[in-house]
Amino acid sequence: MSRTDFDLTRIEAFIFDIDGVLSPSTVPMDGNGVPQRMVNIKDGYAMQLAVRHGYLIAIITGADTPSIATRYRALGINEVHLKASVKLPVLRDLLDRHGISPDNTVYVGDDIPDLPCMQEVGLAVAPADAAVEIKEIARYISPRDGGYGVARDIIRQVMIARGDWMDDRSAFGW
């Protein structure tokens, strides 16, 4: 995406799905059938940095795995919504409570359940390995596959556009 395709300086919020976005599409299971998701450390760094700069970061997922909430809350992300089988009402409520316009929001999704949310926001983003239907509506398709730096990619671009990336204020610590 060239920076002229969308005014990245107006972005105030990033909303992410988990499976296929923040973790790879293939999820190993433990002996009890509980999904064991991988996380990308570089995504985590970008997410916590964005939180410290005042961006809203949220997770909306159909997954019912408490470790997801634990991981992302440790990064300062307070809006972690599990078991969201229908995501659009959660997205609308979230943005309304925070006073953020959908036009100033990034939603990153990879599969059919994400489609309504992606149609609702200003900047719909898909990983490189997203479903065809998602790629067709995405305004930006990251060169990264889900779980391998998609969040870092889009957060970095927005923060550079807004002058927040590597600004010395808080870039060099956790």
# chains A, B, ... in the order shown; residues from 1 in each chain; ligands from 1

call {"tool": "select_by_dssp", "arguments": {"residues": "range 87-153 of chain A", "states": "strand (DSSP E)", "output": "ChimeraX atom specification"}}
result
/A:105-108,123-126,140-141

call {"tool": "residues_around", "arguments": {"residues": "range 55-59 of chain A", "least_positions_apart": "4", "cutoff": "8 Å", "atoms": "only C-alpha atoms", "output": "list in words"}}
result
Glu12, Ala13, Phe14, Ile15, Phe16, Asp17, Ile18, Met47, Ala50, Val51, Ile77, Asn78, Glu79, Val80, His81 and Leu82 of chain A

call {"tool": "residues_around", "arguments": {"residues": "range 114-123 of chain A", "least_positions_apart": "4", "cutoff": "12 Å", "atoms": "only C-alpha atoms", "output": "PDB file with C-alpha atoms, in the first residue's frame"}}
result
ATOM      1  CA  MET A   1       0.000   0.000   0.000  1.00  0.00           C
ATOM      2  CA  ASP A   5      -3.960   5.187  -0.967  1.00  0.00           C
ATOM      3  CA  PHE A   6      -5.223   5.961   2.547  1.00  0.00           C
ATOM      4  CA  ASP A   7      -4.492   8.738   5.015  1.00  0.00           C
ATOM      5  CA  LEU A   8      -2.783   6.696   7.721  1.00  0.00           C
ATOM      6  CA  THR A   9      -2.503   9.736   9.988  1.00  0.00           C
ATOM      7  CA  ARG A  10      -6.199   9.508  10.818  1.00  0.00           C
ATOM      8  CA  ILE A  11      -5.966   5.999  12.330  1.00  0.00           C
ATOM      9  CA  GLU A  12      -6.821   5.874  16.036  1.00  0.00           C
ATOM     10  CA  ALA A  13      -7.623   2.187  16.548  1.00  0.00           C
ATOM     11  CA  PHE A  14      -6.410  -1.252  15.497  1.00  0.00           C
ATOM     12  CA  ILE A  15      -8.719  -4.246  15.891  1.00  0.00           C
ATOM     13  CA  PHE A  16      -7.335  -7.762  15.395  1.00  0.00           C
ATOM     14  CA  ASP A  17      -8.679 -11.267  15.017  1.00  0.00           C
ATOM     15  CA  ILE A  18      -6.481 -13.992  16.532  1.00  0.00           C
ATOM     16  CA  ASP A  19      -6.377 -17.196  14.474  1.00  0.00           C
ATOM     17  CA  GLY A  20      -4.888 -16.526  11.055  1.00  0.00           C
ATOM     18  CA  VAL A  21      -3.954 -12.938  11.999  1.00  0.00           C
ATOM     19  CA  ILE A  59      -8.851  -8.208  20.033  1.00  0.00           C
ATOM     20  CA  ILE A  60     -12.136  -9.653  18.792  1.00  0.00           C
ATOM     21  CA  THR A  61     -12.069 -13.417  18.382  1.00  0.00           C
ATOM     22  CA  GLY A  62     -14.395 -16.371  18.375  1.00  0.00           C
ATOM     23  CA  ALA A  84     -17.370 -13.416  19.770  1.00  0.00           C
ATOM     24  CA  SER A  85     -19.088 -15.660  17.253  1.00  0.00           C
ATOM     25  CA  VAL A  86     -20.652 -12.557  15.676  1.00  0.00           C
ATOM     26  CA  LYS A  87     -18.057  -9.808  15.735  1.00  0.00           C
ATOM     27  CA  LEU A  88     -19.770  -6.727  14.274  1.00  0.00           C
ATOM     28  CA  PRO A  89     -21.843  -5.822  17.372  1.00  0.00           C
ATOM     29  CA  VAL A  90     -18.691  -6.111  19.491  1.00  0.00           C
ATOM     30  CA  LEU A  91     -16.801  -3.829  17.103  1.00  0.00           C
ATOM     31  CA  ARG A  92     -19.583  -1.234  17.068  1.00  0.00           C
ATOM     32  CA  ASP A  93     -19.913  -1.227  20.850  1.00  0.00           C
ATOM     33  CA  LEU A  94     -16.146  -0.976  21.298  1.00  0.00           C
ATOM     34  CA  LEU A  95     -15.765   1.999  18.971  1.00  0.00           C
ATOM     35  CA  ILE A 100     -13.729   6.427  17.684  1.00  0.00           C
ATOM     36  CA  SER A 101     -15.162   6.595  14.183  1.00  0.00           C
ATOM     37  CA  PRO A 102     -15.093   3.400  12.125  1.00  0.00           C
ATOM     38  CA  ASP A 103     -13.446   5.516   9.392  1.00  0.00           C
ATOM     39  CA  ASN A 104     -10.428   5.988  11.688  1.00  0.00           C
ATOM     40  CA  THR A 105     -10.098   2.288  12.448  1.00  0.00           C
ATOM     41  CA  VAL A 106      -8.011  -0.587  11.092  1.00  0.00           C
ATOM     42  CA  TYR A 107      -9.536  -4.070  11.259  1.00  0.00           C
ATOM     43  CA  VAL A 108      -7.273  -7.005  10.451  1.00  0.00           C
ATOM     44  CA  GLY A 109      -9.048 -10.235   9.574  1.00  0.00           C
ATOM     45  CA  ASP A 110      -8.374 -13.348   7.552  1.00  0.00           C
ATOM     46  CA  ALA A 130      -6.156 -14.722   4.011  1.00  0.00           C
ATOM     47  CA  ALA A 131      -9.223 -16.265   2.390  1.00  0.00           C
ATOM     48  CA  VAL A 132      -9.944 -15.118  -1.147  1.00  0.00           C
ATOM     49  CA  GLU A 133     -13.177 -13.403  -0.084  1.00  0.00           C
ATOM     50  CA  ILE A 134     -11.274 -11.356   2.489  1.00  0.00           C
ATOM     51  CA  LYS A 135      -8.538 -10.349   0.073  1.00  0.00           C
ATOM     52  CA  GLU A 136     -11.221  -9.129  -2.340  1.00  0.00           C
ATOM     53  CA  ILE A 137     -12.532  -6.567   0.174  1.00  0.00           C
ATOM     54  CA  ALA A 138      -9.253  -5.662   1.895  1.00  0.00           C
ATOM     55  CA  ARG A 139      -7.917  -2.201   1.197  1.00  0.00           C
ATOM     56  CA  TYR A 140      -4.428  -3.439   2.103  1.00  0.00           C
ATOM     57  CA  ILE A 141      -3.015  -6.963   1.902  1.00  0.00           C
ATOM     58  CA  ILE A 154       0.323  -2.185   9.749  1.00  0.00           C
ATOM     59  CA  VAL A 158       0.591   4.038  10.801  1.00  0.00           C
TER      60      VAL A 158
END

call {"tool": "closest_residue", "arguments": {"among": "A:Ile68, A:Ala63, A:Leu49, A:Val125", "to": "Met166 in chain A", "atoms": "only C-alpha atoms"}}
result
A:Leu49

call {"tool": "closest_atom_pairs", "arguments": {"of": "range 64-154 of chain A", "to": "range 38-42 of chain A", "cutoff": "8 Å", "atoms": "only C-alpha atoms", "output": "JSON lines"}}
result
{"residue": "A:Gly147", "atom": "CA", "partner": "A:Asn40", "partner_atom": "CA", "distance": 6.1}
{"residue": "A:Tyr148", "atom": "CA", "partner": "A:Asn40", "partner_atom": "CA", "distance": 6.2}
{"residue": "A:Gly149", "atom": "CA", "partner": "A:Asn40", "partner_atom": "CA", "distance": 6.5}
{"residue": "A:Arg152", "atom": "CA", "partner": "A:Lys42", "partner_atom": "CA", "distance": 6.3}

call {"tool": "residues_around", "arguments": {"residues": "Val27 in chain A", "least_positions_apart": "3", "cutoff": "9 Å", "atoms": "only C-alpha atoms", "output": "ChimeraX atom specification"}}
result
/A:19,23-24,35-38

call {"tool": "write_last_selection", "arguments": {"atoms": "C-alpha atoms", "output": "PDB file, in the first residue's frame"}}
result
ATOM      1  CA  ASP A  19      -6.377 -17.196  14.474  1.00  0.00           C
ATOM      2  CA  SER A  23      -1.332 -16.510  15.234  1.00  0.00           C
ATOM      3  CA  PRO A  24      -0.847 -18.781  12.225  1.00  0.00           C
ATOM      4  CA  PRO A  35      -5.591 -24.843  21.066  1.00  0.00           C
ATOM      5  CA  GLN A  36      -1.999 -23.764  21.753  1.00  0.00           C
ATOM      6  CA  ARG A  37      -1.504 -20.558  19.803  1.00  0.00           C
ATOM      7  CA  MET A  38       1.817 -19.104  18.816  1.00  0.00           C
TER       8      MET A  38
END

call {"tool": "closest_residue", "arguments": {"among": "A:Met29, A:Leu75, A:Leu22, A:Ala126", "to": "Ile112 in chain A", "atoms": "only C-alpha atoms"}}
result
A:Ala126

call {"tool": "select_by_dssp", "arguments": {"residues": "range 1-71 of chain A", "states": "helix (DSSP H, G or I)", "output": "PyMOL selection string"}}
result
chain A and resi 8-10+41-52+66-71
